[in-house]
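A short worksheet on the structure shown next.
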Amino acid sequence: MSSARVELSHGGGGRAMQQLIAEVFAPAFAHAGAKQGNDQAEFLLGAGRYAFSTDSFVISPLFFAGGDIGSLAVHGTVNDLAMGGALPLYLSAGFVIEEGFPLEGLKRIATSMGHAAREAGVAIVTGDTKVVERGKGDGVFINTAGIGRVPDGVDLSGDRARPGDAILLSGSIGDHGVAIMASRSGLGFDTSIESDSAALHTLVADMLAAAPNALRLLRDPTRGGLAATLNEIAAQSRVGMRLEESAIPVRPQVRGACELLGLDPLNVANEGKLIAVCDPDATEAVLAAMRAHPLGREAARIGFVTDDPQRFVEMRTIFGGRRMVDWLHGEQLPRIC
């Protein structure tokens, strides 16, 4: 790492965050689960396979179009489990609350969290509350951890992409990031776009049922967006990728907002979309299952995996040229999830 201090970019989902994990946390924890590089770690318990994941939510503002920090905290951890093919079972909820935060706001967050959990079919079974002095926090921070059961025969580790595999995307990108930007004061634009925050485990279950053994891996493109997530997969699987820009769904309002702010939609966070890498022979079966689900209606094949020892992610643009799709450098927008 070039800096001797933690910077915002270390939490942005890009190259800096990967370096922080590789150089600080993974060596210190020194456990195989911490080195898997997936959104969840798998372990054996009795005769079954289970997945365990945790995530922290520091989003600003706490309430935004399409959701709030409570529902987001449930969806985020459910999705981290689902990307390993796990059926989410139990969640924990840890709150760090700033002195003076309105109780009415806290009730609203807790109610939203409970509703999201019941809707996802998971139980919040334990938790923790800490209150910090006024001025030492920013309202509410939430940590959720989750445990899920991995069905027999399911293996969706991020190192399984192979040259020729199809790359699928469940829907339009950038909705969550633009919704947050629009909710922040002082940015000077308005939009009808809402966050796509949603629990994806039932979509994953339908995909697994439609094409057993055909899915190589799944990943949700949250911080760092589509670009960082695909580079993460390319590095983990030691492959390259080739994308078609014209095949990547982006809503006109999202594209317009990104142009206004000088952002690339490929780098903007999502909270209700997934990337799937699958056997090319199963592409149509997986796409049909995705499009039959409410959260996958706009699913599309956006590219394919290549044999590239340099692990480059490239894209053919709508003008017929080619460009590199690189990791996010720095932090486009902090406190996005």
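Chain lettering (A, B, ...) mirrors the order of the structure tokens, residue numbering begins at 1 for each chain separately, and ligand numbering begins at 1 in order of display.
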Practice problem: With a distance cut-off of 7 Å and only C-alpha atoms, select the neighbouring residues of Gly67 (chain A), excluding the residue or stretch itself and same-chain residues fewer than 3 positions from it, and output the selection as a list in words. | Solution: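 Final neighbour list, sorted by chain and number: Phe63, Phe64, Ser71, Leu72, Ser195 and Ser197 of chain A.
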Could you please take those selected residues and save N, CA and C atoms as a PDB file, in the first residue's frame?
ATOM      1  N   PHE A  63     -32.126   7.208   5.061  1.00  0.00           N
ATOM      2  CA  PHE A  63     -33.378   6.916   4.343  1.00  0.00           C
ATOM      3  C   PHE A  63     -33.240   7.456   2.919  1.00  0.00           C
ATOM      4  N   PHE A  64     -33.613   6.658   1.948  1.00  0.00           N
ATOM      5  CA  PHE A  64     -33.421   7.046   0.551  1.00  0.00           C
ATOM      6  C   PHE A  64     -34.528   6.422  -0.293  1.00  0.00           C
ATOM      7  N   SER A  71     -33.420  -2.047   5.875  1.00  0.00           N
ATOM      8  CA  SER A  71     -33.671  -3.059   4.836  1.00  0.00           C
ATOM      9  C   SER A  71     -32.383  -3.389   4.086  1.00  0.00           C
ATOM     10  N   LEU A  72     -31.547  -2.371   3.864  1.00  0.00           N
ATOM     11  CA  LEU A  72     -30.281  -2.593   3.161  1.00  0.00           C
ATOM     12  C   LEU A  72     -29.378  -3.562   3.936  1.00  0.00           C
ATOM     13  N   SER A 195     -33.520   2.974  -5.379  1.00  0.00           N
ATOM     14  CA  SER A 195     -32.533   1.927  -5.115  1.00  0.00           C
ATOM     15  C   SER A 195     -33.097   0.562  -5.514  1.00  0.00           C
ATOM     16  N   SER A 197     -32.251  -2.131  -4.015  1.00  0.00           N
ATOM     17  CA  SER A 197     -31.998  -2.990  -2.859  1.00  0.00           C
ATOM     18  C   SER A 197     -33.052  -4.100  -2.743  1.00  0.00           C
TER      19      SER A 197
END
Residue neighbourhood Glu331 (chain A), 8 Å, only C-alpha atoms, exclusion window fewer than 4 positions, as a CSV table (one decimal) with N, CA, C and O atoms, in the first residue's frame:
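Wrote part22.csv, looks like this:
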chain,number,residue,atom,x,y,z
A,8,LEU,N,-10.2,6.8,2.5
A,8,LEU,CA,-11.6,6.5,2.1
A,8,LEU,C,-11.6,5.4,1.0
A,8,LEU,O,-12.4,4.5,0.9
A,9,SER,N,-10.6,5.5,0.1
A,9,SER,CA,-10.5,4.5,-1.0
A,9,SER,C,-10.3,3.1,-0.5
A,9,SER,O,-10.6,2.1,-1.2
A,11,GLY,N,-12.1,1.6,1.5
A,11,GLY,CA,-13.4,1.1,1.8
A,11,GLY,C,-14.3,1.1,0.5
A,11,GLY,O,-15.5,0.9,0.6
A,12,GLY,N,-13.7,1.5,-0.6
A,12,GLY,CA,-14.5,1.7,-1.8
A,12,GLY,C,-14.8,0.6,-2.7
A,12,GLY,O,-15.5,0.7,-3.7
Self-check item: Spatial neighbours of Leu333 (chain A), 9 Å, only C-alpha atoms, chain gap at least 5 places, as JSON, numbers by chain
Solution: {"A": [12, 177, 181, 268]}
Give me, as CSV, the closest atom pair and its distance (Å, one decimal) for every residue of region 252-304 of chain A within a cut-off of 10 Å of region 172-176 of chain A, counting only C-alpha atoms, rows sorted by chain and rising number.
residue,atom,partner,partner_atom,distance
A:Gln253,CA,A:Asp175,CA,9.0
A:Val254,CA,A:Gly174,CA,6.4
A:Arg255,CA,A:Gly174,CA,8.4
A:Ala257,CA,A:Gly174,CA,9.9
A:Cys258,CA,A:Gly174,CA,8.8
A:Asp264,CA,A:Gly174,CA,9.1
A:Pro265,CA,A:Gly174,CA,5.6
A:Leu266,CA,A:Ile173,CA,7.4
A:Asn267,CA,A:Gly174,CA,7.9
A:Val268,CA,A:Gly174,CA,5.0
A:Ala269,CA,A:Gly174,CA,5.8
A:Asn270,CA,A:His176,CA,5.0
A:Glu271,CA,A:His176,CA,6.2
A:Gly272,CA,A:His176,CA,8.2
A:Lys273,CA,A:Ile173,CA,7.5
A:Leu274,CA,A:Ile173,CA,9.8
A:Gly296,CA,A:Ser172,CA,9.6
A:Arg297,CA,A:Ser172,CA,9.8
A:Glu298,CA,A:Ser172,CA,6.9
A:Ala299,CA,A:Ser172,CA,8.2
A:Ala300,CA,A:Ser172,CA,9.3
Exercise. For Phe312 (chain A), work out the shell of residues within 8 Å, counting only C-alpha atoms and skipping chain neighbours fewer than 6 positions away, then give it as a list in words.
Key: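 Answer for this query is Asn231, Ala234, Val239, Gly240, Met241, Met324, Val325 and Asp326 of chain A.
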Create the file for the chosen residues now, containing N, CA, C and O atoms and written as a JSON list (two decimals), in the first residue's frame.
[["chain", "number", "residue", "atom", "x", "y", "z"],
["A", 231, "ASN", "N", -13.39, -7.43, -12.32],
["A", 231, "ASN", "CA", -11.94, -7.52, -12.14],
["A", 231, "ASN", "C", -11.58, -8.44, -10.97],
["A", 231, "ASN", "O", -10.60, -9.17, -11.02],
["A", 234, "ALA", "N", -12.02, -11.93, -12.30],
["A", 234, "ALA", "CA", -10.94, -12.25, -13.25],
["A", 234, "ALA", "C", -9.66, -12.59, -12.50],
["A", 234, "ALA", "O", -8.95, -13.55, -12.85],
["A", 239, "VAL", "N", -8.40, -15.39, -15.26],
["A", 239, "VAL", "CA", -8.91, -15.34, -16.63],
["A", 239, "VAL", "C", -9.09, -13.88, -17.04],
["A", 239, "VAL", "O", -8.92, -12.97, -16.24],
["A", 240, "GLY", "N", -9.41, -13.66, -18.32],
["A", 240, "GLY", "CA", -9.81, -12.35, -18.79],
["A", 240, "GLY", "C", -11.29, -12.34, -19.08],
["A", 240, "GLY", "O", -11.97, -13.37, -18.94],
["A", 241, "MET", "N", -11.81, -11.17, -19.49],
["A", 241, "MET", "CA", -13.23, -11.05, -19.81],
["A", 241, "MET", "C", -13.41, -10.08, -20.96],
["A", 241, "MET", "O", -12.65, -9.12, -21.10],
["A", 324, "MET", "N", -10.46, -0.64, -21.92],
["A", 324, "MET", "CA", -10.25, -1.44, -20.72],
["A", 324, "MET", "C", -11.30, -1.07, -19.67],
["A", 324, "MET", "O", -11.68, 0.09, -19.53],
["A", 325, "VAL", "N", -11.76, -2.07, -18.95],
["A", 325, "VAL", "CA", -12.66, -1.84, -17.80],
["A", 325, "VAL", "C", -11.83, -2.15, -16.56],
["A", 325, "VAL", "O", -11.65, -3.30, -16.18],
["A", 326, "ASP", "N", -11.31, -1.11, -15.95],
["A", 326, "ASP", "CA", -10.33, -1.29, -14.87],
["A", 326, "ASP", "C", -11.01, -1.20, -13.51],
["A", 326, "ASP", "O", -12.17, -0.80, -13.38]]
Quiz item: region 136-255 of chain A: which residues are helix (DSSP H, G or I) by DSSP, as a VMD selection string?
Solution: chain A and resid 175 to 183 201 to 210 225 to 237 245 to 247 252 to 255
The selected residues should be written to file as a compact mmCIF listing (two decimals), in the first residue's frame (atoms: N, CA and C atoms).
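Listing of again14.txt after writing:
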# COMPACT_ATOMS: atom_id res chain seq x y z
N ASP A 175 -28.59 1.81 -10.36
CA ASP A 175 -29.80 2.38 -9.76
C ASP A 175 -29.57 2.78 -8.29
N HIS A 176 -28.95 1.90 -7.52
CA HIS A 176 -28.75 2.19 -6.10
C HIS A 176 -27.86 3.42 -5.91
N GLY A 177 -26.74 3.44 -6.58
CA GLY A 177 -25.81 4.56 -6.41
C GLY A 177 -26.43 5.88 -6.80
N VAL A 178 -27.17 5.91 -7.90
CA VAL A 178 -27.79 7.16 -8.34
C VAL A 178 -28.91 7.58 -7.38
N ALA A 179 -29.66 6.61 -6.86
CA ALA A 179 -30.70 6.93 -5.88
C ALA A 179 -30.09 7.58 -4.64
N ILE A 180 -28.95 7.07 -4.19
CA ILE A 180 -28.29 7.66 -3.01
C ILE A 180 -27.79 9.06 -3.34
N MET A 181 -27.19 9.20 -4.51
CA MET A 181 -26.69 10.52 -4.90
C MET A 181 -27.83 11.54 -4.94
N ALA A 182 -28.98 11.12 -5.48
CA ALA A 182 -30.13 12.02 -5.60
C ALA A 182 -30.68 12.39 -4.23
N SER A 183 -30.51 11.49 -3.26
CA SER A 183 -31.03 11.76 -1.91
C SER A 183 -30.12 12.70 -1.12
N HIS A 201 -31.87 -14.26 -2.95
CA HIS A 201 -31.68 -15.70 -2.77
C HIS A 201 -32.72 -16.55 -3.52
N THR A 202 -33.95 -16.03 -3.69
CA THR A 202 -34.94 -16.83 -4.43
C THR A 202 -34.63 -16.83 -5.92
N LEU A 203 -34.08 -15.73 -6.43
CA LEU A 203 -33.62 -15.71 -7.82
C LEU A 203 -32.50 -16.74 -8.01
N VAL A 204 -31.56 -16.78 -7.07
CA VAL A 204 -30.46 -17.75 -7.16
C VAL A 204 -31.01 -19.18 -7.13
N ALA A 205 -31.98 -19.43 -6.27
CA ALA A 205 -32.55 -20.78 -6.18
C ALA A 205 -33.18 -21.20 -7.52
N ASP A 206 -33.88 -20.28 -8.16
CA ASP A 206 -34.49 -20.60 -9.46
C ASP A 206 -33.43 -20.88 -10.52
N MET A 207 -32.34 -20.12 -10.48
CA MET A 207 -31.25 -20.34 -11.45
C MET A 207 -30.60 -21.70 -11.24
N LEU A 208 -30.37 -22.04 -9.99
CA LEU A 208 -29.75 -23.34 -9.70
C LEU A 208 -30.66 -24.49 -10.11
N ALA A 209 -31.97 -24.30 -9.93
CA ALA A 209 -32.91 -25.36 -10.29
C ALA A 209 -33.02 -25.52 -11.81
N ALA A 210 -32.90 -24.41 -12.54
CA ALA A 210 -33.07 -24.45 -13.99
C ALA A 210 -31.88 -25.09 -14.70
N GLY A 225 -19.08 -1.36 -8.13
CA GLY A 225 -19.94 -1.64 -9.28
C GLY A 225 -19.50 -2.83 -10.11
N LEU A 226 -20.01 -2.85 -11.33
CA LEU A 226 -19.76 -3.96 -12.25
C LEU A 226 -18.26 -4.09 -12.56
N ALA A 227 -17.59 -2.96 -12.73
CA ALA A 227 -16.17 -3.00 -13.13
C ALA A 227 -15.31 -3.67 -12.07
N ALA A 228 -15.44 -3.23 -10.81
CA ALA A 228 -14.61 -3.81 -9.76
C ALA A 228 -14.93 -5.29 -9.54
N THR A 229 -16.21 -5.63 -9.63
CA THR A 229 -16.61 -7.02 -9.38
C THR A 229 -16.06 -7.95 -10.45
N LEU A 230 -16.12 -7.54 -11.71
CA LEU A 230 -15.59 -8.40 -12.78
C LEU A 230 -14.07 -8.52 -12.68
N ASN A 231 -13.39 -7.43 -12.32
CA ASN A 231 -11.94 -7.52 -12.14
C ASN A 231 -11.58 -8.44 -10.97
N GLU A 232 -12.40 -8.40 -9.93
CA GLU A 232 -12.20 -9.28 -8.78
C GLU A 232 -12.33 -10.74 -9.21
N ILE A 233 -13.35 -11.05 -9.99
CA ILE A 233 -13.56 -12.42 -10.46
C ILE A 233 -12.43 -12.84 -11.40
N ALA A 234 -12.02 -11.93 -12.30
CA ALA A 234 -10.94 -12.25 -13.25
C ALA A 234 -9.66 -12.59 -12.50
N ALA A 235 -9.36 -11.81 -11.47
CA ALA A 235 -8.15 -12.07 -10.69
C ALA A 235 -8.25 -13.39 -9.93
N GLN A 236 -9.41 -13.65 -9.36
CA GLN A 236 -9.60 -14.86 -8.56
C GLN A 236 -9.55 -16.11 -9.43
N SER A 237 -10.13 -16.03 -10.64
CA SER A 237 -10.18 -17.19 -11.54
C SER A 237 -9.00 -17.26 -12.51
N GLU A 245 -20.69 -3.44 -24.56
CA GLU A 245 -21.34 -2.31 -23.91
C GLU A 245 -22.83 -2.22 -24.26
N SER A 246 -23.17 -2.54 -25.51
CA SER A 246 -24.57 -2.42 -25.94
C SER A 246 -25.48 -3.40 -25.22
N ALA A 247 -24.90 -4.45 -24.64
CA ALA A 247 -25.72 -5.47 -23.96
C ALA A 247 -25.93 -5.17 -22.48
N PRO A 252 -31.93 5.22 -18.77
CA PRO A 252 -31.56 6.55 -19.28
C PRO A 252 -31.33 7.56 -18.16
N GLN A 253 -32.17 7.49 -17.09
CA GLN A 253 -32.01 8.45 -15.99
C GLN A 253 -30.67 8.24 -15.28
N VAL A 254 -30.26 6.98 -15.15
CA VAL A 254 -28.98 6.68 -14.51
C VAL A 254 -27.83 7.16 -15.38
N ARG A 255 -27.93 6.91 -16.67
CA ARG A 255 -26.87 7.35 -17.58
C ARG A 255 -26.77 8.88 -17.57
May I have a table of the residues of region 211-303 of chain A lying at most 12 Å from region 78-88 of chain A, giving each one's closest pair of atoms and their distance in Å to one decimal, counting only C-alpha atoms, ordered by chain and ascending residue number, as JSON lines?
{"residue": "A:Pro212", "atom": "CA", "partner": "A:Gly85", "partner_atom": "CA", "distance": 11.6}
{"residue": "A:Asn213", "atom": "CA", "partner": "A:Gly85", "partner_atom": "CA", "distance": 11.6}
{"residue": "A:Leu215", "atom": "CA", "partner": "A:Gly85", "partner_atom": "CA", "distance": 9.9}
{"residue": "A:Arg216", "atom": "CA", "partner": "A:Gly84", "partner_atom": "CA", "distance": 10.4}
{"residue": "A:Leu217", "atom": "CA", "partner": "A:Met83", "partner_atom": "CA", "distance": 7.6}
{"residue": "A:Leu218", "atom": "CA", "partner": "A:Met83", "partner_atom": "CA", "distance": 5.1}
{"residue": "A:Arg219", "atom": "CA", "partner": "A:Met83", "partner_atom": "CA", "distance": 5.4}
{"residue": "A:Asp220", "atom": "CA", "partner": "A:Met83", "partner_atom": "CA", "distance": 7.0}
{"residue": "A:Pro221", "atom": "CA", "partner": "A:Asn79", "partner_atom": "CA", "distance": 10.6}
{"residue": "A:Thr222", "atom": "CA", "partner": "A:Asp80", "partner_atom": "CA", "distance": 10.3}
{"residue": "A:Asn270", "atom": "CA", "partner": "A:Asn79", "partner_atom": "CA", "distance": 11.6}
{"residue": "A:Glu271", "atom": "CA", "partner": "A:Asn79", "partner_atom": "CA", "distance": 8.6}
{"residue": "A:Gly272", "atom": "CA", "partner": "A:Asn79", "partner_atom": "CA", "distance": 8.3}
{"residue": "A:Lys273", "atom": "CA", "partner": "A:Asn79", "partner_atom": "CA", "distance": 9.4}
{"residue": "A:Leu274", "atom": "CA", "partner": "A:Met83", "partner_atom": "CA", "distance": 8.1}
{"residue": "A:Ile275", "atom": "CA", "partner": "A:Met83", "partner_atom": "CA", "distance": 9.2}
{"residue": "A:Ala276", "atom": "CA", "partner": "A:Met83", "partner_atom": "CA", "distance": 9.2}
{"residue": "A:Val277", "atom": "CA", "partner": "A:Met83", "partner_atom": "CA", "distance": 11.5}
Quiz prompt | Selected residue of minimal separation from Ala214 (chain A) among A:Pro294, A:Gly171, A:Pro280, A:Gly37, counting only C-alpha atoms | solution =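 With only C-alpha atoms as the atom set, the closest residue is A:Pro280.
Taking only region 180-220 of chain A, the residues that DSSP calls strand (DSSP E) from the backbone come to Leu215, Arg216, Leu217, Leu218 and Arg219 of chain A.
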Write the residues you've just listed into a file as an mmCIF file, in the first residue's frame, and include all heavy atoms for each of them.
data_model
loop_
_atom_site.group_PDB
_atom_site.id
_atom_site.type_symbol
_atom_site.label_atom_id
_atom_site.label_comp_id
_atom_site.auth_asym_id
_atom_site.auth_seq_id
_atom_site.Cartn_x
_atom_site.Cartn_y
_atom_site.Cartn_z
ATOM 1 N N LEU A 215 -23.914 -23.389 -13.302
ATOM 2 C CA LEU A 215 -23.414 -22.118 -12.780
ATOM 3 C C LEU A 215 -22.007 -22.300 -12.219
ATOM 4 O O LEU A 215 -21.756 -23.183 -11.406
ATOM 5 C CB LEU A 215 -24.339 -21.594 -11.678
ATOM 6 C CG LEU A 215 -25.701 -21.056 -12.109
ATOM 7 C CD1 LEU A 215 -26.491 -20.603 -10.889
ATOM 8 C CD2 LEU A 215 -25.545 -19.903 -13.080
ATOM 9 N N ARG A 216 -21.088 -21.448 -12.692
ATOM 10 C CA ARG A 216 -19.711 -21.497 -12.160
ATOM 11 C C ARG A 216 -19.615 -20.668 -10.878
ATOM 12 O O ARG A 216 -19.035 -21.089 -9.901
ATOM 13 C CB ARG A 216 -18.735 -20.911 -13.177
ATOM 14 C CG ARG A 216 -18.845 -21.485 -14.568
ATOM 15 C CD ARG A 216 -18.230 -22.847 -14.659
ATOM 16 N NE ARG A 216 -17.988 -23.161 -16.055
ATOM 17 C CZ ARG A 216 -18.251 -24.317 -16.621
ATOM 18 N NH1 ARG A 216 -18.733 -25.328 -15.898
ATOM 19 N NH2 ARG A 216 -18.009 -24.516 -17.903
ATOM 20 N N LEU A 217 -20.161 -19.443 -10.933
ATOM 21 C CA LEU A 217 -20.064 -18.553 -9.777
ATOM 22 C C LEU A 217 -21.098 -17.442 -9.892
ATOM 23 O O LEU A 217 -21.625 -17.165 -10.979
ATOM 24 C CB LEU A 217 -18.661 -17.960 -9.657
ATOM 25 C CG LEU A 217 -18.191 -17.051 -10.795
ATOM 26 C CD1 LEU A 217 -18.514 -15.594 -10.514
ATOM 27 C CD2 LEU A 217 -16.697 -17.226 -11.035
ATOM 28 N N LEU A 218 -21.357 -16.801 -8.760
ATOM 29 C CA LEU A 218 -22.247 -15.638 -8.684
ATOM 30 C C LEU A 218 -21.553 -14.558 -7.861
ATOM 31 O O LEU A 218 -20.777 -14.861 -6.962
ATOM 32 C CB LEU A 218 -23.565 -16.003 -8.004
ATOM 33 C CG LEU A 218 -24.412 -17.103 -8.628
ATOM 34 C CD1 LEU A 218 -25.567 -17.462 -7.699
ATOM 35 C CD2 LEU A 218 -24.948 -16.663 -9.989
ATOM 36 N N ARG A 219 -21.880 -13.309 -8.141
ATOM 37 C CA ARG A 219 -21.347 -12.205 -7.338
ATOM 38 C C ARG A 219 -22.281 -11.003 -7.487
ATOM 39 O O ARG A 219 -22.761 -10.737 -8.594
ATOM 40 C CB ARG A 219 -19.926 -11.855 -7.820
ATOM 41 C CG ARG A 219 -19.089 -10.993 -6.881
ATOM 42 C CD ARG A 219 -18.740 -11.681 -5.580
ATOM 43 N NE ARG A 219 -17.975 -12.888 -5.704
ATOM 44 C CZ ARG A 219 -16.631 -12.951 -5.806
ATOM 45 N NH1 ARG A 219 -15.922 -11.851 -5.794
ATOM 46 N NH2 ARG A 219 -16.013 -14.108 -5.889
#
Self-check item: Selected residue, from A:Gly224, A:Arg134, A:Gly100, A:Val6, that lies nearest to His329 (chain A) when counting only C-alpha atoms
Solution: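 Smallest distance to His329 (chain A) is found for A:Gly224.
For the choices A:Phe101, A:Ala30, A:Arg15, A:Arg223, the atom-to-atom distance to Cys337 (chain A) is smallest for A:Arg223 when using only C-alpha atoms.
When only C-alpha atoms are used to compute distances to Ile59 (chain A), the closest of the residues A:Leu89, A:Ile336, A:Ala292, A:Ile248 turns out to be A:Ile336.
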Quiz item: Out of A:Asp307, A:Glu133, A:Asp39, A:Asp55, which residue has the shortest atom-to-atom distance to Leu91 (chain A) when counting only C-alpha atoms?
Solution: A:Asp55
